[in-house]
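Structure file protein.pdb (PDB, C-alpha atoms and all ligand atoms) is printed below.
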```pdb
ATOM      1  CA  MET A  20       0.000   0.000   0.000
ATOM      2  CA  THR A  21       1.255   3.492  -0.797
ATOM      3  CA  SER A  22       0.594   6.483   1.432
ATOM      4  CA  VAL A  23      -2.959   7.754   1.571
ATOM      5  CA  THR A  24      -3.132  11.460   0.651
ATOM      6  CA  LEU A  25      -5.857  14.028   0.126
ATOM      7  CA  SER A  26      -5.455  13.593  -3.616
ATOM      8  CA  SER A  27      -5.741   9.810  -3.417
ATOM      9  CA  LEU A  28      -8.943  10.169  -1.364
ATOM     10  CA  LYS A  29     -10.330  12.589  -3.939
ATOM     11  CA  ALA A  30      -9.475  10.118  -6.717
ATOM     12  CA  ARG A  31     -11.242   7.368  -4.768
ATOM     13  CA  LYS A  32     -14.317   9.568  -4.535
ATOM     14  CA  ARG A  33     -14.281  10.223  -8.284
ATOM     15  CA  ALA A  34     -13.967   6.469  -8.899
ATOM     16  CA  GLY A  35     -16.908   5.785  -6.586
ATOM     17  CA  GLU A  36     -14.730   3.741  -4.191
ATOM     18  CA  PRO A  37     -15.421   4.293  -0.484
ATOM     19  CA  PHE A  38     -12.622   4.629   2.092
ATOM     20  CA  SER A  39     -12.273   3.692   5.750
ATOM     21  CA  CYS A  40     -11.423   5.872   8.746
ATOM     22  CA  LEU A  41     -10.901   4.898  12.383
ATOM     23  CA  THR A  42      -9.845   6.726  15.521
ATOM     24  CA  ALA A  43      -6.478   5.860  17.068
ATOM     25  CA  TYR A  44      -4.825   7.099  20.226
ATOM     26  CA  ASP A  45      -1.530   5.226  20.444
ATOM     27  CA  ALA A  46       1.263   3.758  18.334
ATOM     28  CA  SER A  47       0.381   0.062  18.599
ATOM     29  CA  PHE A  48      -3.287   0.393  17.622
ATOM     30  CA  ALA A  49      -2.345   2.853  14.864
ATOM     31  CA  ALA A  50       0.092   0.296  13.457
ATOM     32  CA  ALA A  51      -2.524  -2.476  13.598
ATOM     33  CA  ALA A  52      -5.062  -0.246  11.840
ATOM     34  CA  GLY A  53      -2.506   0.575   9.148
ATOM     35  CA  ARG A  54      -1.745  -3.120   8.565
ATOM     36  CA  ALA A  55      -5.484  -3.749   8.295
ATOM     37  CA  GLY A  56      -5.693  -1.212   5.465
ATOM     38  CA  ILE A  57      -7.476   1.639   7.275
ATOM     39  CA  ASP A  58      -7.144   4.703   5.028
ATOM     40  CA  VAL A  59      -7.459   7.560   7.527
ATOM     41  CA  LEU A  60      -6.644   7.636  11.261
ATOM     42  CA  LEU A  61      -8.201  10.271  13.513
ATOM     43  CA  VAL A  62      -6.739  11.314  16.838
ATOM     44  CA  GLY A  63     -10.204  12.200  18.068
ATOM     45  CA  ASP A  64     -11.152  14.288  21.062
ATOM     46  CA  SER A  65     -13.409  11.287  21.763
ATOM     47  CA  LEU A  66     -10.338  10.293  23.797
ATOM     48  CA  GLY A  67     -11.856  12.404  26.562
ATOM     49  CA  MET A  68     -14.664   9.854  26.717
ATOM     50  CA  VAL A  69     -13.110   6.504  25.759
ATOM     51  CA  LEU A  70      -9.688   6.989  27.396
ATOM     52  CA  GLN A  71     -10.304   9.530  30.155
ATOM     53  CA  GLY A  72     -13.854   8.534  31.125
ATOM     54  CA  HIS A  73     -15.489  11.958  30.859
ATOM     55  CA  ASP A  74     -19.076  12.145  29.624
ATOM     56  CA  SER A  75     -18.201  14.687  26.932
ATOM     57  CA  THR A  76     -15.218  15.804  24.829
ATOM     58  CA  LEU A  77     -15.085  19.268  26.421
ATOM     59  CA  PRO A  78     -12.342  18.599  29.020
ATOM     60  CA  VAL A  79      -9.810  17.556  26.354
ATOM     61  CA  THR A  80      -6.866  19.956  26.054
ATOM     62  CA  MET A  81      -4.299  20.750  23.368
ATOM     63  CA  ASP A  82      -1.688  18.960  25.498
ATOM     64  CA  ASP A  83      -3.832  15.804  25.606
ATOM     65  CA  ILE A  84      -4.309  15.838  21.831
ATOM     66  CA  LEU A  85      -0.632  16.592  21.147
ATOM     67  CA  TYR A  86       0.509  13.702  23.346
ATOM     68  CA  HIS A  87      -1.728  11.198  21.546
ATOM     69  CA  THR A  88      -0.886  12.651  18.113
ATOM     70  CA  ARG A  89       2.822  12.068  18.729
ATOM     71  CA  CYS A  90       2.088   8.508  19.872
ATOM     72  CA  VAL A  91      -0.026   7.731  16.794
ATOM     73  CA  ALA A  92       2.390   9.451  14.394
ATOM     74  CA  ARG A  93       5.232   7.156  15.542
ATOM     75  CA  GLY A  94       3.230   3.981  14.960
ATOM     76  CA  LYS A  95       1.150   4.712  11.908
ATOM     77  CA  GLY A  96       1.965   3.187   8.547
ATOM     78  CA  ASP A  97       0.534   4.595   5.320
ATOM     79  CA  SER A  98      -2.759   5.946   6.694
ATOM     80  CA  LEU A  99      -3.470   9.685   6.472
ATOM     81  CA  LEU A 100      -3.339  11.273   9.937
ATOM     82  CA  MET A 101      -6.237  13.583  10.857
ATOM     83  CA  VAL A 102      -6.344  15.289  14.265
ATOM     84  CA  ASP A 103      -9.161  17.056  16.133
ATOM     85  CA  LEU A 104      -8.772  20.648  17.234
ATOM     86  CA  PRO A 105     -10.108  20.408  20.815
ATOM     87  CA  PHE A 106     -12.949  22.464  22.323
ATOM     88  CA  MET A 107     -12.191  26.208  22.256
ATOM     89  CA  GLY A 108      -9.024  25.646  20.267
ATOM     90  CA  ASN A 109      -9.909  28.647  18.101
ATOM     91  CA  PRO A 110     -10.784  31.485  20.544
ATOM     92  CA  SER A 111      -8.945  33.940  18.276
ATOM     93  CA  ARG A 112      -7.311  33.777  14.859
ATOM     94  CA  GLU A 113      -3.860  33.925  16.390
ATOM     95  CA  ARG A 114      -4.409  31.093  18.843
ATOM     96  CA  LEU A 115      -6.085  29.009  16.155
ATOM     97  CA  LEU A 116      -2.987  29.339  13.975
ATOM     98  CA  ASP A 117      -0.669  28.499  16.898
ATOM     99  CA  ASN A 118      -2.749  25.457  17.815
ATOM    100  CA  ALA A 119      -2.984  24.233  14.225
ATOM    101  CA  ALA A 120       0.776  24.683  13.828
ATOM    102  CA  ALA A 121       1.372  22.642  16.990
ATOM    103  CA  LEU A 122      -0.864  19.835  15.684
ATOM    104  CA  MET A 123       0.958  19.806  12.330
ATOM    105  CA  ARG A 124       4.360  19.766  14.043
ATOM    106  CA  ALA A 125       3.188  16.787  16.119
ATOM    107  CA  GLY A 126       2.371  14.869  12.930
ATOM    108  CA  ALA A 127      -1.140  15.874  11.824
ATOM    109  CA  GLU A 128      -1.691  15.870   8.064
ATOM    110  CA  LEU A 129      -5.256  17.187   8.249
ATOM    111  CA  VAL A 130      -6.833  19.208  11.072
ATOM    112  CA  LYS A 131     -10.521  18.679  11.898
ATOM    113  CA  VAL A 132     -12.565  21.557  13.288
ATOM    114  CA  GLU A 133     -16.158  21.428  14.539
ATOM    115  CA  GLY A 134     -18.630  24.179  13.817
ATOM    116  CA  GLU A 135     -20.885  25.713  11.206
ATOM    117  CA  GLY A 136     -20.680  28.238   8.394
ATOM    118  CA  TRP A 137     -19.045  30.833  10.679
ATOM    119  CA  MET A 138     -15.768  28.904  10.433
ATOM    120  CA  ALA A 139     -15.265  29.955   6.802
ATOM    121  CA  ASP A 140     -12.705  32.687   7.507
ATOM    122  CA  ASP A 141     -10.710  30.466   9.886
ATOM    123  CA  ILE A 142     -10.673  27.701   7.289
ATOM    124  CA  ARG A 143      -9.593  30.116   4.540
ATOM    125  CA  GLU A 144      -6.675  31.300   6.675
ATOM    126  CA  LEU A 145      -5.564  27.789   7.686
ATOM    127  CA  THR A 146      -5.745  26.533   4.111
ATOM    128  CA  ARG A 147      -3.823  29.522   2.784
ATOM    129  CA  ARG A 148      -1.060  28.747   5.288
ATOM    130  CA  GLY A 149      -0.727  25.093   4.349
ATOM    131  CA  VAL A 150      -2.958  23.427   6.930
ATOM    132  CA  PRO A 151      -5.522  21.187   5.205
ATOM    133  CA  VAL A 152      -8.853  21.249   7.038
ATOM    134  CA  CYS A 153     -11.709  18.809   7.595
ATOM    135  CA  ALA A 154     -14.893  20.644   8.646
ATOM    136  CA  HIS A 155     -17.040  18.585  11.058
ATOM    137  CA  LEU A 156     -20.782  19.387  10.698
ATOM    138  CA  GLY A 157     -24.072  17.930  11.942
ATOM    139  CA  LEU A 158     -23.794  16.566  15.478
ATOM    140  CA  THR A 159     -20.768  18.447  16.820
ATOM    141  CA  PRO A 160     -20.024  16.897  20.248
ATOM    142  CA  GLN A 161     -18.152  20.016  21.442
ATOM    143  CA  THR A 162     -21.529  21.834  21.438
ATOM    144  CA  VAL A 163     -23.436  18.983  23.139
ATOM    145  CA  HIS A 164     -24.777  21.255  25.879
ATOM    146  CA  GLN A 165     -26.189  23.667  23.321
ATOM    147  CA  LEU A 166     -27.675  20.816  21.293
ATOM    148  CA  GLY A 167     -29.250  19.295  24.402
ATOM    149  CA  GLY A 168     -27.632  15.880  23.966
ATOM    150  CA  TYR A 169     -26.108  13.616  21.336
ATOM    151  CA  LYS A 170     -29.059  13.899  18.978
ATOM    152  CA  VAL A 171     -29.521  13.456  15.251
ATOM    153  CA  GLN A 172     -29.149  16.793  13.414
ATOM    154  CA  GLY A 173     -30.684  17.985  10.146
ATOM    155  CA  ARG A 174     -33.966  16.118  10.465
ATOM    156  CA  GLU A 175     -36.121  19.120   9.422
ATOM    157  CA  ALA A 176     -35.878  20.299   5.806
ATOM    158  CA  GLU A 177     -34.627  23.726   6.896
ATOM    159  CA  ALA A 178     -31.909  22.315   9.149
ATOM    160  CA  ALA A 179     -30.848  19.911   6.392
ATOM    161  CA  SER A 180     -30.479  22.651   3.788
ATOM    162  CA  ARG A 181     -28.530  24.749   6.287
ATOM    163  CA  ILE A 182     -26.028  21.906   6.757
ATOM    164  CA  LEU A 183     -25.740  21.469   2.987
ATOM    165  CA  GLU A 184     -25.210  25.212   2.472
ATOM    166  CA  ASP A 185     -22.637  25.357   5.299
ATOM    167  CA  ALA A 186     -20.755  22.437   3.732
ATOM    168  CA  ARG A 187     -20.703  24.202   0.346
ATOM    169  CA  ALA A 188     -19.506  27.466   1.920
ATOM    170  CA  LEU A 189     -16.735  25.757   3.901
ATOM    171  CA  VAL A 190     -15.481  23.908   0.820
ATOM    172  CA  GLU A 191     -15.576  27.229  -1.024
ATOM    173  CA  ALA A 192     -13.425  28.627   1.826
ATOM    174  CA  GLY A 193     -10.894  25.838   1.345
ATOM    175  CA  ALA A 194     -12.001  22.800   3.391
ATOM    176  CA  SER A 195     -10.421  19.663   1.894
ATOM    177  CA  VAL A 196     -12.792  17.210   3.570
ATOM    178  CA  ILE A 197     -16.233  17.390   5.203
ATOM    179  CA  LEU A 198     -17.262  15.115   8.094
ATOM    180  CA  LEU A 199     -20.959  14.635   8.859
ATOM    181  CA  GLU A 200     -22.012  13.137  12.176
ATOM    182  CA  CYS A 201     -25.486  11.807  13.027
ATOM    183  CA  VAL A 202     -27.620  13.107  10.179
ATOM    184  CA  PRO A 203     -30.324  11.376   8.129
ATOM    185  CA  ALA A 204     -28.949   9.116   5.388
ATOM    186  CA  SER A 205     -30.697  11.264   2.766
ATOM    187  CA  LEU A 206     -28.651  14.300   3.869
ATOM    188  CA  GLY A 207     -25.403  12.292   3.943
ATOM    189  CA  ARG A 208     -26.079  11.356   0.357
ATOM    190  CA  ALA A 209     -27.072  14.865  -0.767
ATOM    191  CA  VAL A 210     -23.945  16.476   0.716
ATOM    192  CA  SER A 211     -21.660  13.799  -0.772
ATOM    193  CA  GLU A 212     -23.224  14.237  -4.209
ATOM    194  CA  ALA A 213     -23.107  18.035  -4.086
ATOM    195  CA  LEU A 214     -19.383  18.301  -3.255
ATOM    196  CA  GLU A 215     -16.200  17.394  -5.107
ATOM    197  CA  VAL A 216     -14.254  16.912  -1.859
ATOM    198  CA  PRO A 217     -14.459  13.644   0.104
ATOM    199  CA  VAL A 218     -17.274  13.448   2.680
ATOM    200  CA  ILE A 219     -16.770  11.190   5.719
ATOM    201  CA  GLY A 220     -19.812   9.999   7.623
ATOM    202  CA  ILE A 221     -20.535   8.608  11.091
ATOM    203  CA  GLY A 222     -24.206   7.832  11.501
ATOM    204  CA  ALA A 223     -24.733   9.642   8.180
ATOM    205  CA  GLY A 224     -25.888   6.697   6.097
ATOM    206  CA  PRO A 225     -24.268   4.400   3.531
ATOM    207  CA  ASP A 226     -23.682   6.931   0.743
ATOM    208  CA  THR A 227     -20.911   9.157   2.128
ATOM    209  CA  ASP A 228     -17.507   8.724   0.462
ATOM    210  CA  GLY A 229     -15.864   7.485   3.649
ATOM    211  CA  GLN A 230     -17.008   6.031   6.966
ATOM    212  CA  ILE A 231     -15.504   6.584  10.407
ATOM    213  CA  LEU A 232     -15.973   4.876  13.774
ATOM    214  CA  VAL A 233     -14.382   5.144  17.185
ATOM    215  CA  MET A 234     -11.887   2.292  17.645
ATOM    216  CA  HIS A 235     -13.381   1.192  20.951
ATOM    217  CA  ASP A 236     -16.806   0.793  19.323
ATOM    218  CA  VAL A 237     -15.325  -1.419  16.565
ATOM    219  CA  LEU A 238     -13.842  -3.600  19.336
ATOM    220  CA  GLY A 239     -17.025  -3.669  21.433
ATOM    221  CA  VAL A 240     -15.534  -1.948  24.472
ATOM    222  CA  THR A 241     -17.814   1.111  24.515
ATOM    223  CA  HIS A 242     -18.912   2.040  28.012
ATOM    224  CA  GLY A 243     -22.225   3.741  28.579
ATOM    225  CA  ARG A 244     -24.873   3.993  25.894
ATOM    226  CA  THR A 245     -23.985   2.519  22.496
ATOM    227  CA  PRO A 246     -24.956   4.821  19.602
ATOM    228  CA  ARG A 247     -27.104   3.281  16.866
ATOM    229  CA  PHE A 248     -24.411   3.684  14.185
ATOM    230  CA  VAL A 249     -21.738   1.497  15.830
ATOM    231  CA  LYS A 250     -20.920  -2.131  15.158
ATOM    232  CA  ASN A 251     -18.699  -4.542  17.066
ATOM    233  CA  PHE A 252     -16.463  -6.093  14.392
ATOM    234  CA  LEU A 253     -14.410  -8.048  16.920
ATOM    235  CA  ALA A 254     -17.434 -10.290  17.413
ATOM    236  CA  GLU A 255     -16.843 -11.685  13.920
ATOM    237  CA  ALA A 256     -13.032 -11.650  13.900
ATOM    238  CA  GLU A 257     -10.215 -13.601  15.529
ATOM    239  CA  ASP A 258      -8.215 -10.697  16.866
ATOM    240  CA  ILE A 259      -8.024  -6.917  16.962
ATOM    241  CA  GLU A 260      -6.230  -6.498  13.641
ATOM    242  CA  GLY A 261      -8.784  -8.867  12.127
ATOM    243  CA  ALA A 262     -11.614  -6.702  13.482
ATOM    244  CA  PHE A 263     -10.065  -3.616  11.889
ATOM    245  CA  ARG A 264      -9.706  -5.527   8.610
ATOM    246  CA  ARG A 265     -13.345  -6.694   8.737
ATOM    247  CA  TYR A 266     -14.459  -3.116   9.295
ATOM    248  CA  HIS A 267     -12.251  -1.844   6.435
ATOM    249  CA  GLU A 268     -13.533  -4.534   4.065
ATOM    250  CA  ALA A 269     -17.182  -3.973   5.067
ATOM    251  CA  VAL A 270     -16.823  -0.249   4.296
ATOM    252  CA  LEU A 271     -15.159  -0.876   0.930
ATOM    253  CA  ALA A 272     -17.853  -3.437   0.017
ATOM    254  CA  ARG A 273     -20.554  -0.970   1.140
ATOM    255  CA  GLU A 274     -21.826  -3.612   3.589
ATOM    256  CA  PHE A 275     -21.360  -1.200   6.494
ATOM    257  CA  PRO A 276     -23.340   0.773   7.520
ATOM    258  CA  ALA A 277     -26.458  -1.369   7.098
ATOM    259  CA  ALA A 278     -29.984   0.047   7.470
ATOM    260  CA  GLU A 279     -29.999  -0.664  11.218
ATOM    261  CA  HIS A 280     -26.999   1.696  11.699
ATOM    262  CA  CYS A 281     -28.619   4.646   9.889
ATOM    263  CA  PHE A 282     -31.086   7.413  10.643
TER
HETATM  264  N1  LIG A 301     -17.354   5.619  21.998
HETATM  265  C1  LIG A 301     -17.677   6.735  21.344
HETATM  266  N2  LIG A 301     -18.203   6.641  20.106
HETATM  267  C2  LIG A 301     -18.549   7.745  19.395
HETATM  268  O1  LIG A 301     -19.003   7.597  18.239
HETATM  269  C3  LIG A 301     -18.334   9.020  19.990
HETATM  270  C4  LIG A 301     -17.760   9.079  21.277
HETATM  271  N3  LIG A 301     -17.461   7.932  21.931
HETATM  272  N4  LIG A 301     -17.491  10.268  21.864
HETATM  273  C5  LIG A 301     -17.611  11.493  21.089
HETATM  274  C6  LIG A 301     -18.749  11.425  20.199
HETATM  275  C7  LIG A 301     -20.102  11.354  20.901
HETATM  276  N5  LIG A 301     -20.865  10.626  19.955
HETATM  277  C8  LIG A 301     -22.183  10.201  20.091
HETATM  278  C9  LIG A 301     -22.640   9.692  21.282
HETATM  279  C10 LIG A 301     -23.941   9.233  21.409
HETATM  280  C11 LIG A 301     -24.805   9.293  20.312
HETATM  281  C12 LIG A 301     -26.202   8.765  20.442
HETATM  282  O2  LIG A 301     -26.498   8.031  21.344
HETATM  283  N6  LIG A 301     -27.086   9.107  19.504
HETATM  284  C13 LIG A 301     -28.455   8.611  19.465
HETATM  285  C14 LIG A 301     -29.284   9.521  18.592
HETATM  286  C15 LIG A 301     -30.709   9.551  19.047
HETATM  287  C16 LIG A 301     -31.583  10.417  18.156
HETATM  288  O3  LIG A 301     -31.427  11.661  18.134
HETATM  289  O4  LIG A 301     -32.418   9.812  17.452
HETATM  290  C17 LIG A 301     -28.464   7.182  18.883
HETATM  291  O5  LIG A 301     -29.435   6.485  19.074
HETATM  292  O6  LIG A 301     -27.462   6.793  18.237
HETATM  293  C18 LIG A 301     -24.337   9.810  19.111
HETATM  294  C19 LIG A 301     -23.025  10.268  19.001
HETATM  295  C20 LIG A 301     -20.061  10.241  18.815
HETATM  296  N7  LIG A 301     -18.734  10.221  19.363
HETATM  297  C1  LIG A 302     -16.367  10.521  16.221
HETATM  298  C2  LIG A 302     -15.302  11.229  15.462
HETATM  299  C3  LIG A 302     -15.815  11.796  14.185
HETATM  300  C4  LIG A 302     -14.616  12.276  16.293
HETATM  301  O1  LIG A 302     -14.700  13.464  16.084
HETATM  302  C5  LIG A 302     -13.841  11.809  17.457
HETATM  303  O2  LIG A 302     -13.544  10.605  17.557
HETATM  304  O3  LIG A 302     -13.495  12.660  18.279
HETATM  305 MG    MG A 303     -14.069  14.621  17.730
END
```
Could I get this structure in the form of structure tokens?
Ligand SMILES: Nc1nc(=O)c2c([nH]1)NC[C@@H]1CN(c3ccc(C(=O)N[C@@H](CCC(=O)O)C(=O)O)cc3)CN21
Ligand SMILES: CC(C)C(=O)C(=O)O
Ligand SMILES: [Mg+2]
Amino acid sequence: MTSVTLSSLKARKRAGEPFSCLTAYDASFAAAAGRAGIDVLLVGDSLGMVLQGHDSTLPVTMDDILYHTRCVARGKGDSLLMVDLPFMGNPSRERLLDNAAALMRAGAELVKVEGEGWMADDIRELTRRGVPVCAHLGLTPQTVHQLGGYKVQGREAEAASRILEDARALVEAGASVILLECVPASLGRAVSEALEVPVIGIGAGPDTDGQILVMHDVLGVTHGRTPRFVKNFLAEAEDIEGAFRRYHEAVLAREFPAAEHCF
């Protein structure tokens, strides 16, 4: 396998071939995911929940994310490395640029930011300075208290067209990738069809260009409530690397997500 890049993901989209993404937080799991063929690794701020035991991603700091990014960067093979900007990582333009620079120096190849259309200027500035950006729309866990829980977004026609318009505007501003979390499958499809850049989905239906899951969910070690969109792939594999491979193959074959994982 050769290195996964933004251009290879874009080519996969044009060819109609889906790609797989998985979170990783350390070198050994990142290496196993790479051997299993996973295309994109995310150092997610979900680490605040699955590693640290918080009930949201808000307590996660830049130092936490940088530590895990360095760990993953040392172990990863050919996968593309995406990293979350943590909650309030962009309180001003200057601090956003400093934080993005720190993530890139730690090994990030793509920085993911949560928000809505208002992020356009930030994304334009990051892109201009050589930081590729993934814009995370739909259910944005960093705003869970505003949203009133981890709920499906974009169910009403108006909310759905707002998400589609935000995605268009952020791509116009320079976003290289869009990630949609917890939206109806019809919206996942509409956004993917409307954009030339790759769209990654989690709980966004079967028609996004890529799929992502939290590693712990793929291995069936989620604590607390299990979201509808997750599947335990270890249950049908012999070992952890095998579970990652099953997940990767199910995404490429468009067998995952099935109807029961979608909204
Ligand atoms: N282990 C884990 N997996 C994740 O996917 C994940 C995290 N942690 N932490 C950060 C966020 C939080 N996420 C979540 C958590 C819960 C739901 C959830 O329970 N959603 C309901 C939607 C109900 C509705 O509005 O209809 C569901 O039934 O899936 C969704 C996303 C996704 N992310
Ligand atoms: C669930 C994914 C998309 C994420 O942002 C994370 O793991 O933090
Ligand atoms: Mg996240």
- Evaluate the PyMOL selection byres (((chain A and resi 238-246) around 12) and not hetatm) and report residues as a ChimeraX atom specification: /A:41-42,48,65-66,68-75,169-171,200-201,221-222,232-237,247-266,279-282
- Task: Could you tell me how far atom CA of A:Glu184 lies from atom CA of A:Ala223, in Å and to one decimal?
- Result: 16.6 Å
- Of the listed residues A:Thr24, A:Thr162, A:Asn118, A:Thr80, that which approaches A:Leu100 most closely, counting all atoms listed in the file: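 Ranking A:Thr24, A:Thr162, A:Asn118, A:Thr80 by distance to A:Leu100, first place goes to A:Thr24.
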Padded axis-aligned box of stretch 61-74 of chain A (8 Å per side), centre and edge lengths, Å, one decimal, as AutoDock Vina command-line options:
```
--center_x -12.9 --center_y 10.4 --center_z 22.3 --size_x 28.3 --size_y 23.8 --size_z 33.6
```
- Task: Find the residue from A:Leu158, A:Leu104, A:Val216, A:Leu189 that sits nearest to A:Ile142; use all atoms listed in the file when measuring.
- Result: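 Answer, going by the shortest atom-to-atom distance: A:Leu189.
Between ligand LIG 302 (chain A) and the residues A:Pro160, A:Pro151, A:Gly53, A:Pro78, the shortest atom-to-atom distance, using only C-alpha atoms and all ligand atoms, involves A:Pro160.
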- Task: Apply the PyMOL selection byres (((not hetatm)) within 9 of (chain A and resi 303)) to the displayed file and report the matching residues as a list in words.
- Result: Leu61, Val62, Gly63, Asp64, Ser65, Leu66, Thr76, Val102, Asp103, Leu104, Pro105, Lys131, Val132, Glu133, His155, Thr159, Pro160 and Gln161 of chain A
Produce a file of the selected residues containing C-alpha atoms, as a PDB file, keeping the file's coordinate frame.
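So the final result, stored in part_20.pdb, reads:
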```
ATOM      1  CA  LEU A  61      -8.201  10.271  13.513  1.00  0.00           C
ATOM      2  CA  VAL A  62      -6.739  11.314  16.838  1.00  0.00           C
ATOM      3  CA  GLY A  63     -10.204  12.200  18.068  1.00  0.00           C
ATOM      4  CA  ASP A  64     -11.152  14.288  21.062  1.00  0.00           C
ATOM      5  CA  SER A  65     -13.409  11.287  21.763  1.00  0.00           C
ATOM      6  CA  LEU A  66     -10.338  10.293  23.797  1.00  0.00           C
ATOM      7  CA  THR A  76     -15.218  15.804  24.829  1.00  0.00           C
ATOM      8  CA  VAL A 102      -6.344  15.289  14.265  1.00  0.00           C
ATOM      9  CA  ASP A 103      -9.161  17.056  16.133  1.00  0.00           C
ATOM     10  CA  LEU A 104      -8.772  20.648  17.234  1.00  0.00           C
ATOM     11  CA  PRO A 105     -10.108  20.408  20.815  1.00  0.00           C
ATOM     12  CA  LYS A 131     -10.521  18.679  11.898  1.00  0.00           C
ATOM     13  CA  VAL A 132     -12.565  21.557  13.288  1.00  0.00           C
ATOM     14  CA  GLU A 133     -16.158  21.428  14.539  1.00  0.00           C
ATOM     15  CA  HIS A 155     -17.040  18.585  11.058  1.00  0.00           C
ATOM     16  CA  THR A 159     -20.768  18.447  16.820  1.00  0.00           C
ATOM     17  CA  PRO A 160     -20.024  16.897  20.248  1.00  0.00           C
ATOM     18  CA  GLN A 161     -18.152  20.016  21.442  1.00  0.00           C
TER      19      GLN A 161
END
```
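Closest to A:Met107 among A:Val79, A:Thr146, A:Asp226, A:Asp45 is A:Val79, based on only C-alpha atoms.
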- Message: Which residue is closest to A:Pro203? Choose from A:Ala30, A:Ala176, A:Val190, A:Ala50 and count all atoms listed in the file.
- Response: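 Closest to A:Pro203 of all the choices is A:Ala176.
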- In Å, how far is it from atom CA of A:Ala269 to atom CA of A:Asp58?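 Interatomic distance here is 13.3 Å.
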- Item | Hits from the PyMOL selection byres (((chain A and resi 92-96) around 12) and not hetatm), listed as a VMD selection string | chain A and resid 20 to 23 42 to 62 84 to 91 97 to 102 122 to 128
Could you write out that same residue set with C-alpha atoms as a PDB file, in the frame of the given file?
```pdb
ATOM      1  CA  MET A  20       0.000   0.000   0.000  1.00  0.00           C
ATOM      2  CA  THR A  21       1.255   3.492  -0.797  1.00  0.00           C
ATOM      3  CA  SER A  22       0.594   6.483   1.432  1.00  0.00           C
ATOM      4  CA  VAL A  23      -2.959   7.754   1.571  1.00  0.00           C
ATOM      5  CA  THR A  42      -9.845   6.726  15.521  1.00  0.00           C
ATOM      6  CA  ALA A  43      -6.478   5.860  17.068  1.00  0.00           C
ATOM      7  CA  TYR A  44      -4.825   7.099  20.226  1.00  0.00           C
ATOM      8  CA  ASP A  45      -1.530   5.226  20.444  1.00  0.00           C
ATOM      9  CA  ALA A  46       1.263   3.758  18.334  1.00  0.00           C
ATOM     10  CA  SER A  47       0.381   0.062  18.599  1.00  0.00           C
ATOM     11  CA  PHE A  48      -3.287   0.393  17.622  1.00  0.00           C
ATOM     12  CA  ALA A  49      -2.345   2.853  14.864  1.00  0.00           C
ATOM     13  CA  ALA A  50       0.092   0.296  13.457  1.00  0.00           C
ATOM     14  CA  ALA A  51      -2.524  -2.476  13.598  1.00  0.00           C
ATOM     15  CA  ALA A  52      -5.062  -0.246  11.840  1.00  0.00           C
ATOM     16  CA  GLY A  53      -2.506   0.575   9.148  1.00  0.00           C
ATOM     17  CA  ARG A  54      -1.745  -3.120   8.565  1.00  0.00           C
ATOM     18  CA  ALA A  55      -5.484  -3.749   8.295  1.00  0.00           C
ATOM     19  CA  GLY A  56      -5.693  -1.212   5.465  1.00  0.00           C
ATOM     20  CA  ILE A  57      -7.476   1.639   7.275  1.00  0.00           C
ATOM     21  CA  ASP A  58      -7.144   4.703   5.028  1.00  0.00           C
ATOM     22  CA  VAL A  59      -7.459   7.560   7.527  1.00  0.00           C
ATOM     23  CA  LEU A  60      -6.644   7.636  11.261  1.00  0.00           C
ATOM     24  CA  LEU A  61      -8.201  10.271  13.513  1.00  0.00           C
ATOM     25  CA  VAL A  62      -6.739  11.314  16.838  1.00  0.00           C
ATOM     26  CA  ILE A  84      -4.309  15.838  21.831  1.00  0.00           C
ATOM     27  CA  LEU A  85      -0.632  16.592  21.147  1.00  0.00           C
ATOM     28  CA  TYR A  86       0.509  13.702  23.346  1.00  0.00           C
ATOM     29  CA  HIS A  87      -1.728  11.198  21.546  1.00  0.00           C
ATOM     30  CA  THR A  88      -0.886  12.651  18.113  1.00  0.00           C
ATOM     31  CA  ARG A  89       2.822  12.068  18.729  1.00  0.00           C
ATOM     32  CA  CYS A  90       2.088   8.508  19.872  1.00  0.00           C
ATOM     33  CA  VAL A  91      -0.026   7.731  16.794  1.00  0.00           C
ATOM     34  CA  ASP A  97       0.534   4.595   5.320  1.00  0.00           C
ATOM     35  CA  SER A  98      -2.759   5.946   6.694  1.00  0.00           C
ATOM     36  CA  LEU A  99      -3.470   9.685   6.472  1.00  0.00           C
ATOM     37  CA  LEU A 100      -3.339  11.273   9.937  1.00  0.00           C
ATOM     38  CA  MET A 101      -6.237  13.583  10.857  1.00  0.00           C
ATOM     39  CA  VAL A 102      -6.344  15.289  14.265  1.00  0.00           C
ATOM     40  CA  LEU A 122      -0.864  19.835  15.684  1.00  0.00           C
ATOM     41  CA  MET A 123       0.958  19.806  12.330  1.00  0.00           C
ATOM     42  CA  ARG A 124       4.360  19.766  14.043  1.00  0.00           C
ATOM     43  CA  ALA A 125       3.188  16.787  16.119  1.00  0.00           C
ATOM     44  CA  GLY A 126       2.371  14.869  12.930  1.00  0.00           C
ATOM     45  CA  ALA A 127      -1.140  15.874  11.824  1.00  0.00           C
ATOM     46  CA  GLU A 128      -1.691  15.870   8.064  1.00  0.00           C
TER      47      GLU A 128
END
```
- Query: Could you state the separation of atom CA of A:Gly207 and atom N5 of ligand LIG 301 (chain A) in Å, given to one decimal place?
  - Reply: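 Value for the atom CA of A:Gly207-atom N5 of ligand LIG 301 (chain A) distance: 16.7 Å.
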Quick one: residues within 9 Å of A:Arg174, all atoms listed in the file, excluding same-chain residues fewer than 3 positions away - as a short mmCIF file (atom, residue, chain, number, x, y, z; two decimals) with C-alpha atoms, in the coordinates of the input?
```cif
data_model
loop_
_atom_site.label_atom_id
_atom_site.label_comp_id
_atom_site.auth_asym_id
_atom_site.auth_seq_id
_atom_site.Cartn_x
_atom_site.Cartn_y
_atom_site.Cartn_z
CA VAL A 171 -29.52 13.46 15.25
CA GLU A 177 -34.63 23.73 6.90
CA ALA A 178 -31.91 22.32 9.15
CA ALA A 179 -30.85 19.91 6.39
CA VAL A 202 -27.62 13.11 10.18
CA PRO A 203 -30.32 11.38 8.13
CA LEU A 206 -28.65 14.30 3.87
#
```
